[in-house]
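Undergrad: So here's final34.txt, just compact mmCIF, C-alpha atoms and all ligand atoms:
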```txt
# COMPACT_ATOMS: atom_id res chain seq x y z
CA MET N 18 115.10 101.40 92.10
CA ILE N 19 113.89 99.30 95.03
CA LYS N 20 116.17 96.34 95.76
CA GLY N 21 115.30 92.80 96.83
CA ALA N 22 115.32 92.66 100.64
CA LEU N 23 115.85 89.02 101.47
CA LYS N 24 119.01 86.93 101.67
CA GLU N 25 120.09 85.11 98.55
CA ASP N 26 118.52 81.61 98.43
CA ALA N 27 115.93 82.52 101.11
CA LEU N 28 113.37 80.32 99.32
CA ARG N 29 115.74 77.67 97.90
CA GLY N 30 114.18 74.20 98.17
CA LYS N 31 110.64 75.55 98.51
CA THR N 32 107.94 75.17 95.88
CA VAL N 33 105.58 78.14 95.60
CA VAL N 34 102.28 78.20 93.70
CA VAL N 35 101.06 81.70 92.77
CA THR N 36 97.53 82.13 91.41
CA GLY N 37 97.29 84.97 88.91
CA GLY N 38 101.09 84.68 88.64
CA GLY N 39 101.29 85.63 84.96
CA THR N 40 100.51 89.33 85.31
CA GLY N 41 100.70 92.38 87.58
CA LEU N 42 101.50 91.90 91.24
CA GLY N 43 101.41 88.10 90.92
CA LYS N 44 104.14 88.30 88.31
CA ALA N 45 106.24 90.66 90.47
CA MET N 46 105.99 88.34 93.49
CA SER N 47 106.62 85.24 91.37
CA SER N 48 109.69 86.75 89.78
CA TYR N 49 111.18 87.59 93.18
CA PHE N 50 110.35 84.16 94.66
CA SER N 51 112.21 82.58 91.74
CA GLU N 52 115.13 84.98 92.19
CA LEU N 53 115.31 83.76 95.82
CA GLY N 54 115.68 80.17 94.59
CA ALA N 55 112.10 78.86 94.78
CA ASN N 56 110.63 76.30 92.41
CA LEU N 57 107.77 78.28 90.94
CA VAL N 58 104.32 77.35 89.66
CA ILE N 59 102.25 80.13 88.11
CA THR N 60 98.61 79.65 87.24
CA SER N 61 95.63 81.50 85.77
CA ARG N 62 93.20 81.02 82.86
CA LYS N 63 95.38 82.33 79.99
CA ILE N 64 98.09 79.78 79.21
CA ASP N 65 99.80 81.96 76.55
CA VAL N 66 100.31 84.77 79.08
CA LEU N 67 101.58 82.29 81.68
CA GLU N 68 104.02 80.63 79.26
CA GLU N 69 105.51 83.98 78.29
CA THR N 70 105.93 85.04 81.92
CA ALA N 71 107.40 81.64 82.83
CA ARG N 72 110.09 81.88 80.09
CA GLU N 73 110.86 85.49 81.07
CA ILE N 74 111.35 84.55 84.74
CA GLU N 75 113.37 81.42 83.94
CA ASN N 76 115.68 83.43 81.69
CA LYS N 77 116.16 86.02 84.42
CA THR N 78 116.70 83.72 87.40
CA GLY N 79 117.86 80.41 85.95
CA ASN N 80 115.34 78.55 88.13
CA GLN N 81 112.51 76.34 86.87
CA VAL N 82 109.00 77.74 86.38
CA LEU N 83 105.93 75.65 85.59
CA ALA N 84 102.92 77.32 83.93
CA VAL N 85 99.55 75.62 84.49
CA ALA N 86 96.21 76.80 83.09
CA CYS N 87 93.56 76.68 85.81
CA ASP N 88 90.31 78.48 86.49
CA ILE N 89 90.32 78.58 90.28
CA ARG N 90 86.49 78.61 90.31
CA GLU N 91 86.60 74.95 89.20
CA ILE N 92 87.65 72.55 91.97
CA GLY N 93 88.63 69.82 89.49
CA GLN N 94 91.07 72.20 87.77
CA VAL N 95 92.53 73.22 91.14
CA GLU N 96 93.08 69.55 92.06
CA GLN N 97 94.89 69.07 88.74
CA LEU N 98 97.01 72.14 89.48
CA LEU N 99 98.16 70.52 92.72
CA GLU N 100 98.84 67.17 91.00
CA ARG N 101 100.89 68.79 88.22
CA SER N 102 102.87 70.87 90.74
CA ILE N 103 103.72 67.78 92.79
CA SER N 104 104.67 65.70 89.75
CA LYS N 105 107.01 68.48 88.54
CA PHE N 106 108.63 69.49 91.83
CA GLY N 107 107.87 66.62 94.27
CA GLN N 108 106.14 68.77 96.88
CA VAL N 109 104.38 72.11 97.36
CA ASP N 110 105.20 74.26 100.41
CA ILE N 111 103.66 77.67 99.77
CA LEU N 112 100.40 78.93 98.21
CA VAL N 113 99.86 82.57 97.28
CA ASN N 114 96.18 83.32 96.64
CA ASN N 115 96.61 86.38 94.42
CA ALA N 116 94.15 85.84 91.53
CA ALA N 117 91.17 88.19 91.52
CA GLY N 118 88.37 89.61 89.43
CA ASN N 119 87.03 93.13 89.89
CA PHE N 120 85.57 96.14 88.08
CA ILE N 121 84.26 99.50 89.15
CA SER N 122 80.48 99.93 88.99
CA PRO N 123 77.57 101.42 90.91
CA THR N 124 76.16 98.37 92.67
CA GLU N 125 72.62 98.86 91.36
CA ARG N 126 73.92 98.41 87.81
CA LEU N 127 75.21 94.89 88.52
CA SER N 128 73.39 91.77 87.37
CA ALA N 129 73.23 88.82 89.75
CA ASN N 130 75.80 87.09 87.55
CA ALA N 131 78.17 90.09 87.64
CA PHE N 132 78.06 90.08 91.45
CA SER N 133 78.59 86.35 91.77
CA THR N 134 81.36 86.25 89.14
CA VAL N 135 83.58 88.40 91.35
CA ILE N 136 82.63 86.49 94.51
CA ASP N 137 83.31 83.19 92.73
CA ILE N 138 86.81 84.20 91.61
CA VAL N 139 87.94 85.95 94.79
CA LEU N 140 86.24 84.07 97.62
CA LYS N 141 85.32 80.71 96.14
CA GLY N 142 88.55 80.50 94.11
CA THR N 143 90.64 81.23 97.20
CA ALA N 144 88.65 78.68 99.20
CA ASN N 145 89.07 76.03 96.45
CA CYS N 146 92.85 76.50 96.43
CA THR N 147 93.23 76.70 100.19
CA LEU N 148 91.10 73.62 100.80
CA THR N 149 92.79 71.51 98.11
CA PHE N 150 96.33 72.41 99.16
CA GLY N 151 95.47 72.31 102.88
CA LYS N 152 94.08 68.75 102.70
CA TYR N 153 97.27 67.64 100.94
CA TRP N 154 99.54 69.30 103.51
CA ILE N 155 97.60 67.86 106.43
CA ALA N 156 97.58 64.33 104.93
CA GLN N 157 101.31 64.49 104.10
CA LYS N 158 102.27 66.32 107.34
CA ILE N 159 104.02 69.08 105.37
CA PRO N 160 104.62 72.41 107.15
CA ALA N 161 103.25 75.10 104.86
CA SER N 162 102.44 78.74 104.39
CA VAL N 163 99.49 80.50 102.72
CA LEU N 164 99.54 84.15 101.74
CA ASN N 165 96.29 85.84 100.71
CA ILE N 166 96.38 89.12 98.79
CA VAL N 167 93.41 91.20 99.97
CA THR N 168 92.86 94.99 99.89
CA THR N 169 92.47 97.70 102.52
CA TYR N 170 88.73 97.86 101.81
CA ALA N 171 88.54 94.28 103.13
CA PHE N 172 88.37 96.00 106.54
CA THR N 173 86.72 99.32 105.70
CA GLY N 174 84.35 98.22 102.93
CA SER N 175 84.01 100.40 99.83
CA GLY N 176 81.32 101.58 97.48
CA TYR N 177 81.60 100.93 93.73
CA VAL N 178 83.53 97.68 94.24
CA VAL N 179 81.04 95.99 96.56
CA PRO N 180 81.37 92.38 95.32
CA SER N 181 85.15 92.66 95.60
CA ALA N 182 84.94 94.23 99.07
CA VAL N 183 82.57 91.51 100.28
CA ALA N 184 84.78 88.76 98.86
CA LYS N 185 88.06 90.22 100.15
CA GLY N 186 86.47 90.66 103.58
CA GLY N 187 85.63 86.96 103.43
CA VAL N 188 89.18 86.06 102.44
CA LEU N 189 90.54 88.06 105.37
CA THR N 190 88.19 86.22 107.73
CA MET N 191 89.30 82.91 106.23
CA THR N 192 92.94 83.93 106.79
CA ARG N 193 92.36 84.53 110.49
CA SER N 194 90.05 81.54 110.96
CA LEU N 195 92.44 79.01 109.42
CA ALA N 196 95.47 80.58 111.12
CA ALA N 197 93.82 79.45 114.35
CA GLU N 198 92.43 76.12 113.14
CA TRP N 199 95.38 74.85 111.08
CA GLY N 200 98.20 76.24 113.21
CA LYS N 201 98.33 72.81 114.86
CA TYR N 202 99.31 71.32 111.49
CA ASN N 203 102.12 73.88 111.15
CA ILE N 204 100.27 75.65 108.33
CA ARG N 205 100.55 79.45 108.61
CA HIS N 206 98.03 81.86 107.08
CA ASN N 207 98.75 85.55 106.52
CA ALA N 208 97.47 88.33 104.28
CA ILE N 209 98.75 91.48 102.64
CA ALA N 210 96.45 94.44 102.07
CA PRO N 211 98.03 96.54 99.30
CA GLY N 212 97.10 100.13 98.56
CA PRO N 213 97.51 101.41 95.00
CA PHE N 214 100.13 99.53 92.96
CA PRO N 215 99.51 100.34 89.28
CA THR N 216 98.92 97.26 87.13
CA LYS N 217 97.22 96.97 83.76
CA GLY N 218 94.65 94.50 85.12
CA ALA N 219 93.49 96.76 87.95
CA TRP N 220 93.80 100.13 86.19
CA ASP N 221 91.89 98.95 83.06
CA ARG N 222 88.98 97.88 85.26
CA LEU N 223 89.02 100.43 88.08
CA LEU N 224 90.31 103.62 86.46
CA PRO N 225 89.57 103.32 82.73
CA GLY N 226 89.97 106.31 80.41
CA GLU N 227 89.73 109.73 82.05
CA LEU N 228 89.18 108.27 85.52
CA ALA N 229 92.92 107.66 85.87
CA GLU N 230 93.57 111.42 85.79
CA LYS N 231 90.46 112.50 87.66
CA PHE N 232 91.07 110.05 90.45
CA ASP N 233 94.84 109.88 90.74
CA PHE N 234 95.52 107.49 93.62
CA LYS N 235 98.76 109.15 94.65
CA ASN N 236 96.84 112.20 95.85
CA ARG N 237 95.11 109.99 98.43
CA VAL N 238 98.36 108.65 99.87
CA PRO N 239 100.24 110.54 102.63
CA LEU N 240 103.55 109.54 101.01
CA LYS N 241 102.27 111.10 97.74
CA ARG N 242 103.19 108.15 95.58
CA VAL N 243 101.89 104.76 94.52
CA GLY N 244 103.58 101.51 95.53
CA ASP N 245 106.53 99.91 93.78
CA HIS N 246 105.96 96.25 92.86
CA GLN N 247 109.27 95.23 94.46
CA GLU N 248 108.11 96.71 97.78
CA LEU N 249 105.18 94.30 97.74
CA ALA N 250 107.36 91.40 96.56
CA ASN N 251 109.79 92.01 99.45
CA LEU N 252 106.98 91.83 102.01
CA ALA N 253 105.41 88.76 100.37
CA ALA N 254 108.71 86.88 100.22
CA PHE N 255 109.36 87.60 103.90
CA LEU N 256 105.87 86.47 104.98
CA VAL N 257 105.99 83.15 103.11
CA SER N 258 109.59 82.43 104.16
CA ASP N 259 110.76 80.64 107.29
CA PHE N 260 112.01 84.03 108.59
CA ALA N 261 108.34 84.79 109.35
CA GLY N 262 107.82 81.37 110.97
CA TYR N 263 106.06 82.80 114.05
CA ILE N 264 103.76 85.18 112.13
CA ASN N 265 100.36 83.54 111.77
CA GLY N 266 96.95 85.16 111.22
CA GLU N 267 98.35 88.62 110.46
CA VAL N 268 97.31 91.10 107.79
CA ILE N 269 99.94 93.64 106.84
CA THR N 270 98.88 96.83 105.10
CA ILE N 271 101.26 98.27 102.53
CA ASP N 272 99.60 101.44 101.28
CA GLY N 273 101.73 104.46 102.22
CA GLY N 274 99.13 105.32 104.88
CA GLU N 275 96.27 105.64 102.36
CA TRP N 276 93.40 104.08 104.31
CA LEU N 277 94.21 105.90 107.54
CA GLN N 278 94.38 109.14 105.59
CA GLY N 279 90.80 108.50 104.48
CA ALA N 280 89.66 107.49 107.97
CA GLY N 281 91.10 110.25 110.18
CA GLN N 282 88.41 112.91 110.68
CA MET N 283 90.74 115.91 110.41
CA ASN N 284 93.13 114.63 107.75
CA GLY N 285 91.38 116.78 105.12
CA MET N 286 93.02 119.80 106.86
CA GLU N 287 95.96 119.10 104.62
CA ALA N 288 94.14 121.39 102.17
CA VAL N 289 94.60 124.38 104.53
CA PRO N 290 97.52 126.53 103.24
CA ASP N 291 100.38 127.39 105.62
CA GLU N 292 99.54 131.11 105.76
CA MET N 293 96.03 130.32 106.97
CA TRP N 294 97.28 128.51 110.08
CA ASP N 295 98.42 131.84 111.69
CA MET N 296 94.91 133.19 111.29
CA ILE N 297 93.32 129.98 112.56
CA GLU N 298 95.61 129.94 115.61
CA SER N 299 94.88 133.55 116.52
CA THR N 300 91.12 132.99 116.13
CA ILE N 301 91.24 129.97 118.44
CA ARG N 302 93.36 131.88 121.03
CA LYS N 303 90.94 134.81 120.90
CA ASN N 304 87.96 132.47 121.39
CA ASN N 305 89.74 130.88 124.39
CA LYS N 306 89.66 134.17 126.32
C1 LIG S 1 78.91 95.70 84.85
C2 LIG S 1 79.96 93.76 84.13
C3 LIG S 1 81.14 94.48 83.81
C4 LIG S 1 81.13 95.91 84.05
C5 LIG S 1 81.48 92.40 83.33
N1 LIG S 1 80.23 92.47 83.79
N2 LIG S 1 82.06 93.61 83.33
N3 LIG S 1 78.87 94.35 84.64
N4 LIG S 1 80.00 96.46 84.58
N5 LIG S 1 82.20 96.67 83.78
C6 LIG S 1 79.27 91.38 83.94
C7 LIG S 1 78.99 90.64 82.64
O1 LIG S 1 78.03 91.34 81.84
C8 LIG S 1 78.44 89.32 83.16
O2 LIG S 1 77.12 89.44 83.65
C9 LIG S 1 79.31 89.09 84.39
O3 LIG S 1 79.81 90.37 84.79
C10 LIG S 1 80.48 88.15 84.12
O4 LIG S 1 81.23 88.69 83.05
P1 LIG S 1 82.14 87.78 82.10
O5 LIG S 1 82.88 88.69 81.19
O6 LIG S 1 81.33 86.69 81.50
O7 LIG S 1 83.09 87.09 83.20
P2 LIG S 1 84.53 86.46 83.08
O8 LIG S 1 84.90 86.19 81.64
O9 LIG S 1 84.55 85.35 84.06
O10 LIG S 1 85.51 87.67 83.55
C11 LIG S 1 85.54 88.07 84.92
C12 LIG S 1 85.72 89.59 85.06
C13 LIG S 1 86.89 90.13 84.19
C14 LIG S 1 85.91 89.86 86.55
C15 LIG S 1 84.42 90.28 84.58
O11 LIG S 1 87.07 91.52 84.40
C16 LIG S 1 88.19 89.43 84.49
O12 LIG S 1 88.50 88.40 83.88
N6 LIG S 1 88.99 89.93 85.47
C17 LIG S 1 90.25 89.31 85.88
C18 LIG S 1 91.31 90.30 86.21
C19 LIG S 1 90.94 91.41 87.15
O13 LIG S 1 89.73 91.67 87.36
N7 LIG S 1 91.95 92.12 87.66
C20 LIG S 1 91.74 93.25 88.52
C21 LIG S 1 91.97 92.88 89.93
S1 LIG S 1 92.17 94.41 90.72
P3 LIG S 1 75.82 89.01 82.76
O14 LIG S 1 74.67 89.24 83.69
O15 LIG S 1 75.81 89.92 81.57
O16 LIG S 1 76.01 87.56 82.40
C22 LIG S 1 91.73 94.41 92.29
C23 LIG S 1 92.27 95.67 92.95
C24 LIG S 1 91.62 96.12 94.17
O17 LIG S 1 91.11 93.52 92.79
C25 LIG S 1 92.07 97.50 94.67
C26 LIG S 1 92.82 98.39 93.71
C27 LIG S 1 93.27 99.69 94.27
P1 LIG S 2 95.81 91.49 87.55
O1 LIG S 2 97.12 91.59 86.84
O2 LIG S 2 94.57 91.63 86.74
O3 LIG S 2 95.80 90.11 88.33
C1 LIG S 2 94.68 89.27 88.45
C2 LIG S 2 95.09 87.87 88.02
O4 LIG S 2 94.07 86.94 88.37
C3 LIG S 2 95.33 87.74 86.52
O5 LIG S 2 96.60 87.17 86.31
C4 LIG S 2 94.23 86.79 86.04
O6 LIG S 2 94.73 85.97 84.98
C5 LIG S 2 93.95 85.99 87.32
N1 LIG S 2 92.61 85.44 87.34
C6 LIG S 2 91.44 86.11 87.23
N2 LIG S 2 90.40 85.27 87.27
C7 LIG S 2 90.93 84.03 87.46
C8 LIG S 2 90.35 82.73 87.58
N3 LIG S 2 89.04 82.54 87.53
N4 LIG S 2 91.19 81.67 87.74
C9 LIG S 2 92.53 81.86 87.79
N5 LIG S 2 93.13 83.05 87.67
C10 LIG S 2 92.32 84.13 87.50
O7 LIG S 2 95.70 92.56 88.72
P2 LIG S 2 96.68 92.92 89.96
O8 LIG S 2 96.52 94.37 90.21
O9 LIG S 2 98.04 92.36 89.74
O10 LIG S 2 95.97 92.15 91.15
C11 LIG S 2 96.61 91.10 91.86
C12 LIG S 2 96.03 91.01 93.27
O11 LIG S 2 96.33 92.18 93.99
C13 LIG S 2 94.52 90.83 93.30
O12 LIG S 2 94.17 89.95 94.37
C14 LIG S 2 94.04 92.22 93.62
O13 LIG S 2 92.77 92.23 94.25
C15 LIG S 2 95.14 92.67 94.57
N6 LIG S 2 95.23 94.11 94.75
C16 LIG S 2 95.76 94.87 93.76
C17 LIG S 2 95.90 96.23 93.98
C18 LIG S 2 96.53 97.14 92.95
O14 LIG S 2 96.64 98.32 93.19
N7 LIG S 2 96.98 96.63 91.82
C19 LIG S 2 95.47 96.80 95.18
C20 LIG S 2 94.92 95.98 96.16
C21 LIG S 2 94.82 94.62 95.93
P3 LIG S 2 93.81 85.33 83.82
O15 LIG S 2 93.03 86.43 83.22
O16 LIG S 2 94.82 84.68 82.90
O17 LIG S 2 92.96 84.29 84.48
```
Please express what this file holds, its structure, as structure tokens.
TA:
Amino acid sequence: MIKGALKEDALRGKTVVVTGGGTGLGKAMSSYFSELGANLVITSRKIDVLEETAREIENKTGNQVLAVACDIREIGQVEQLLERSISKFGQVDILVNNAAGNFISPTERLSANAFSTVIDIVLKGTANCTLTFGKYWIAQKIPASVLNIVTTYAFTGSGYVVPSAVAKGGVLTMTRSLAAEWGKYNIRHNAIAPGPFPTKGAWDRLLPGELAEKFDFKNRVPLKRVGDHQELANLAAFLVSDFAGYINGEVITIDGGEWLQGAGQMNGMEAVPDEMWDMIESTIRKNNK
């Protein structure tokens, strides 16, 4: 079992808002932030899911958790999220833009609405939250930290998830752009690009049914395993904490080497069995003469 990496109370006195905090990776990060002493606000569309997660985390950590229903595509709902967070905890210090929408599909099968639904959740939703919280921090002169959860295909692009790739690429660009522009207000922006971390939300939409076996992600990863949620939570907690106070505009990949494995021209040679290498070596030496 992977252990928590940060010092006890590393986030004590901070208020963290996590979008998509009721499920999957958002829940794992939220739970660890609360364990480290943070006041926690979790938000997404489904209030019943959020309430259940909030009680579960409170029971585990003994720290307060506020659940707020909010569709991040709607700016008015995001403004209410900020207001409710401030009225509960007095101040907000950290925003984790984790909520996302995605599904696997050949691009030519997508309707215009399907394409824009994903863009609206991932890119517009992240922009709505960042803008709303950023204006508040700047007006109140509060030092703050934003963490955006992207993906490795934000930098490589990927077929079959094109709206998501386009939107995550935009979020990564926003991360770097605002790191530069809002650094002067003491607002840091960073991103994490996770590789495969099994969650119900992602696996139901990306690897439904037989796809999960046919396309087992761990075979694509040099470390031959998928990620553990606590590994991601450890990195996220560090990046939002004051320990990472001089890290601004960075994206950290946590994927066991997956995307480099796919990029390196000769990495497919892994399929060559050991006994064949003697033959290959002698052929090359012979050709050298
Ligand atoms: C084609 C589809 C579709 C599919 C929906 N649509 N599913 N088109 N193939 N499988 C179309 C609909 O027909 C509709 O278009 C449009 O998309 C919007 O669909 P709605 O159901 O009305 O949207 P909404 O209720 O807003 O739900 C959004 C959603 C849904 C994205 C479609 O899946 C969702 O709520 N997702 C949230 C959670 C999530 O996606 N988690 C995974 C994140 S994983 P028309 O034209 O008919 O109106 C992730 C991992 C990356 O990002 C990397 C992993 C390794
Ligand atoms: P998940 O459990 O499905 O998380 C997505 C969350 O977003 C849900 O809690 C969902 O809650 C929320 N959400 C969706 N639309 C929303 C909206 N319009 N407004 C507010 N909240 C909304 O999937 P996950 O795997 O944990 O993904 C979390 C993040 O990690 C995403 O950014 C994803 O792209 C990223 N990621 C995951 C992986 C992986 O392997 N799992 C890899 C790379 C990147 P509601 O339905 O209640 O709204």
Undergrad: Once you add 3 Å to each side, what are the centre and edge lengths of the axis-aligned box holding all listed atoms of ligand LIG 1 (chain S)? One decimal in Å, as JSON, if you can.
TA:
```
{"center_x": 84.0, "center_y": 92.5, "center_z": 87.9, "size_x": 24.6, "size_y": 20.3, "size_z": 19.5}
```
Undergrad: Quick one: of N:Arg193, N:Lys185, N:Lys24, N:Lys152, who's nearest to Thr168 in chain N, counting all atoms listed in the file?
TA: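 With all atoms listed in the file as the atom set, the closest residue is N:Lys185.
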Undergrad: Skip range 95-112 of chain N itself and residues of its chain fewer than 3 positions away, then list as a ChimeraX atom specification all residues within 9 Å of it, counting all atoms listed in the file.
TA: /N:31-36,56-58,60,83,85-92,142,145-147,149-150,153-154,159-165,257-258
Undergrad: Counting all atoms listed in the file, what are the residues, protein, DNA or RNA alike, that approach ligand LIG 2 (chain S) to within 7 Å? I want them as a PDB file with C-alpha atoms, keeping the file's coordinate frame.
TA:
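The resulting file, part-v2.pdb, is shown below:
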```
ATOM      1  CA  THR N  36      97.530  82.130  91.410  1.00  0.00           C
ATOM      2  CA  GLY N  37      97.290  84.970  88.910  1.00  0.00           C
ATOM      3  CA  GLY N  38     101.090  84.680  88.640  1.00  0.00           C
ATOM      4  CA  GLY N  39     101.290  85.630  84.960  1.00  0.00           C
ATOM      5  CA  THR N  40     100.510  89.330  85.310  1.00  0.00           C
ATOM      6  CA  GLY N  41     100.700  92.380  87.580  1.00  0.00           C
ATOM      7  CA  LEU N  42     101.500  91.900  91.240  1.00  0.00           C
ATOM      8  CA  GLY N  43     101.410  88.100  90.920  1.00  0.00           C
ATOM      9  CA  THR N  60      98.610  79.650  87.240  1.00  0.00           C
ATOM     10  CA  SER N  61      95.630  81.500  85.770  1.00  0.00           C
ATOM     11  CA  ARG N  62      93.200  81.020  82.860  1.00  0.00           C
ATOM     12  CA  LYS N  63      95.380  82.330  79.990  1.00  0.00           C
ATOM     13  CA  ILE N  64      98.090  79.780  79.210  1.00  0.00           C
ATOM     14  CA  VAL N  66     100.310  84.770  79.080  1.00  0.00           C
ATOM     15  CA  CYS N  87      93.560  76.680  85.810  1.00  0.00           C
ATOM     16  CA  ASP N  88      90.310  78.480  86.490  1.00  0.00           C
ATOM     17  CA  ILE N  89      90.320  78.580  90.280  1.00  0.00           C
ATOM     18  CA  ARG N  90      86.490  78.610  90.310  1.00  0.00           C
ATOM     19  CA  ASN N 115      96.610  86.380  94.420  1.00  0.00           C
ATOM     20  CA  ALA N 116      94.150  85.840  91.530  1.00  0.00           C
ATOM     21  CA  ALA N 117      91.170  88.190  91.520  1.00  0.00           C
ATOM     22  CA  GLY N 118      88.370  89.610  89.430  1.00  0.00           C
ATOM     23  CA  ILE N 138      86.810  84.200  91.610  1.00  0.00           C
ATOM     24  CA  GLY N 142      88.550  80.500  94.110  1.00  0.00           C
ATOM     25  CA  ILE N 166      96.380  89.120  98.790  1.00  0.00           C
ATOM     26  CA  VAL N 167      93.410  91.200  99.970  1.00  0.00           C
ATOM     27  CA  THR N 168      92.860  94.990  99.890  1.00  0.00           C
ATOM     28  CA  ALA N 210      96.450  94.440 102.070  1.00  0.00           C
ATOM     29  CA  PRO N 211      98.030  96.540  99.300  1.00  0.00           C
ATOM     30  CA  GLY N 212      97.100 100.130  98.560  1.00  0.00           C
ATOM     31  CA  PRO N 213      97.510 101.410  95.000  1.00  0.00           C
ATOM     32  CA  PHE N 214     100.130  99.530  92.960  1.00  0.00           C
ATOM     33  CA  PRO N 215      99.510 100.340  89.280  1.00  0.00           C
ATOM     34  CA  THR N 216      98.920  97.260  87.130  1.00  0.00           C
ATOM     35  CA  LYS N 217      97.220  96.970  83.760  1.00  0.00           C
ATOM     36  CA  GLY N 218      94.650  94.500  85.120  1.00  0.00           C
ATOM     37  CA  ALA N 219      93.490  96.760  87.950  1.00  0.00           C
TER      38      ALA N 219
END
```
Undergrad: Using all atoms listed in the file, which of N:Met191, N:Ile59, N:Ile74, N:Leu127 sits nearest ligand LIG 1 (chain S)?
TA: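 Closest to ligand LIG 1 (chain S), using all atoms listed in the file: N:Leu127.
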Undergrad: Put range 159-173 of chain N into a file with N, CA, C and O atoms, as a short mmCIF file (atom, residue, chain, number, x, y, z; two decimals), in the first residue's frame.
TA:
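Writing the result to decode.cif gives the following:
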```cif
data_model
loop_
_atom_site.label_atom_id
_atom_site.label_comp_id
_atom_site.auth_asym_id
_atom_site.auth_seq_id
_atom_site.Cartn_x
_atom_site.Cartn_y
_atom_site.Cartn_z
N ILE N 159 -5.06 37.60 -2.04
CA ILE N 159 -4.81 36.31 -1.38
C ILE N 159 -3.83 35.50 -2.23
O ILE N 159 -4.08 35.26 -3.41
N PRO N 160 -2.70 35.06 -1.66
CA PRO N 160 -1.80 34.17 -2.40
C PRO N 160 -2.51 32.84 -2.63
O PRO N 160 -3.18 32.34 -1.72
N ALA N 161 -2.40 32.28 -3.82
CA ALA N 161 -3.22 31.10 -4.12
C ALA N 161 -2.49 30.15 -5.06
O ALA N 161 -1.43 30.47 -5.61
N SER N 162 -3.11 28.98 -5.21
CA SER N 162 -2.51 27.95 -6.06
C SER N 162 -3.61 27.24 -6.84
O SER N 162 -4.64 26.88 -6.28
N VAL N 163 -3.36 27.05 -8.14
CA VAL N 163 -4.30 26.33 -9.01
C VAL N 163 -3.59 25.10 -9.55
O VAL N 163 -2.44 25.19 -10.00
N LEU N 164 -4.27 23.97 -9.48
CA LEU N 164 -3.73 22.74 -10.06
C LEU N 164 -4.72 22.23 -11.09
O LEU N 164 -5.89 22.00 -10.78
N ASN N 165 -4.25 22.05 -12.31
CA ASN N 165 -5.10 21.55 -13.40
C ASN N 165 -4.73 20.10 -13.71
O ASN N 165 -3.56 19.80 -13.95
N ILE N 166 -5.74 19.22 -13.73
CA ILE N 166 -5.47 17.82 -14.08
C ILE N 166 -5.68 17.68 -15.59
O ILE N 166 -6.80 17.82 -16.08
N VAL N 167 -4.60 17.43 -16.32
CA VAL N 167 -4.70 17.27 -17.78
C VAL N 167 -4.48 15.79 -18.14
O VAL N 167 -4.93 14.90 -17.41
N THR N 168 -3.84 15.50 -19.23
CA THR N 168 -3.51 14.12 -19.61
C THR N 168 -2.23 14.20 -20.44
O THR N 168 -1.86 15.30 -20.89
N THR N 169 -1.59 13.06 -20.69
CA THR N 169 -0.36 13.13 -21.49
C THR N 169 -0.69 13.47 -22.94
O THR N 169 0.14 14.02 -23.65
N TYR N 170 -1.91 13.14 -23.40
CA TYR N 170 -2.21 13.50 -24.80
C TYR N 170 -2.53 14.99 -24.94
O TYR N 170 -2.84 15.45 -26.03
N ALA N 171 -2.45 15.75 -23.85
CA ALA N 171 -2.51 17.22 -23.98
C ALA N 171 -1.30 17.70 -24.76
O ALA N 171 -1.37 18.72 -25.45
N PHE N 172 -0.17 16.98 -24.67
CA PHE N 172 1.01 17.40 -25.46
C PHE N 172 1.21 16.58 -26.72
O PHE N 172 1.79 17.07 -27.67
N THR N 173 0.75 15.34 -26.75
CA THR N 173 0.98 14.54 -27.97
C THR N 173 -0.22 14.60 -28.92
O THR N 173 -0.07 14.32 -30.10
#
```
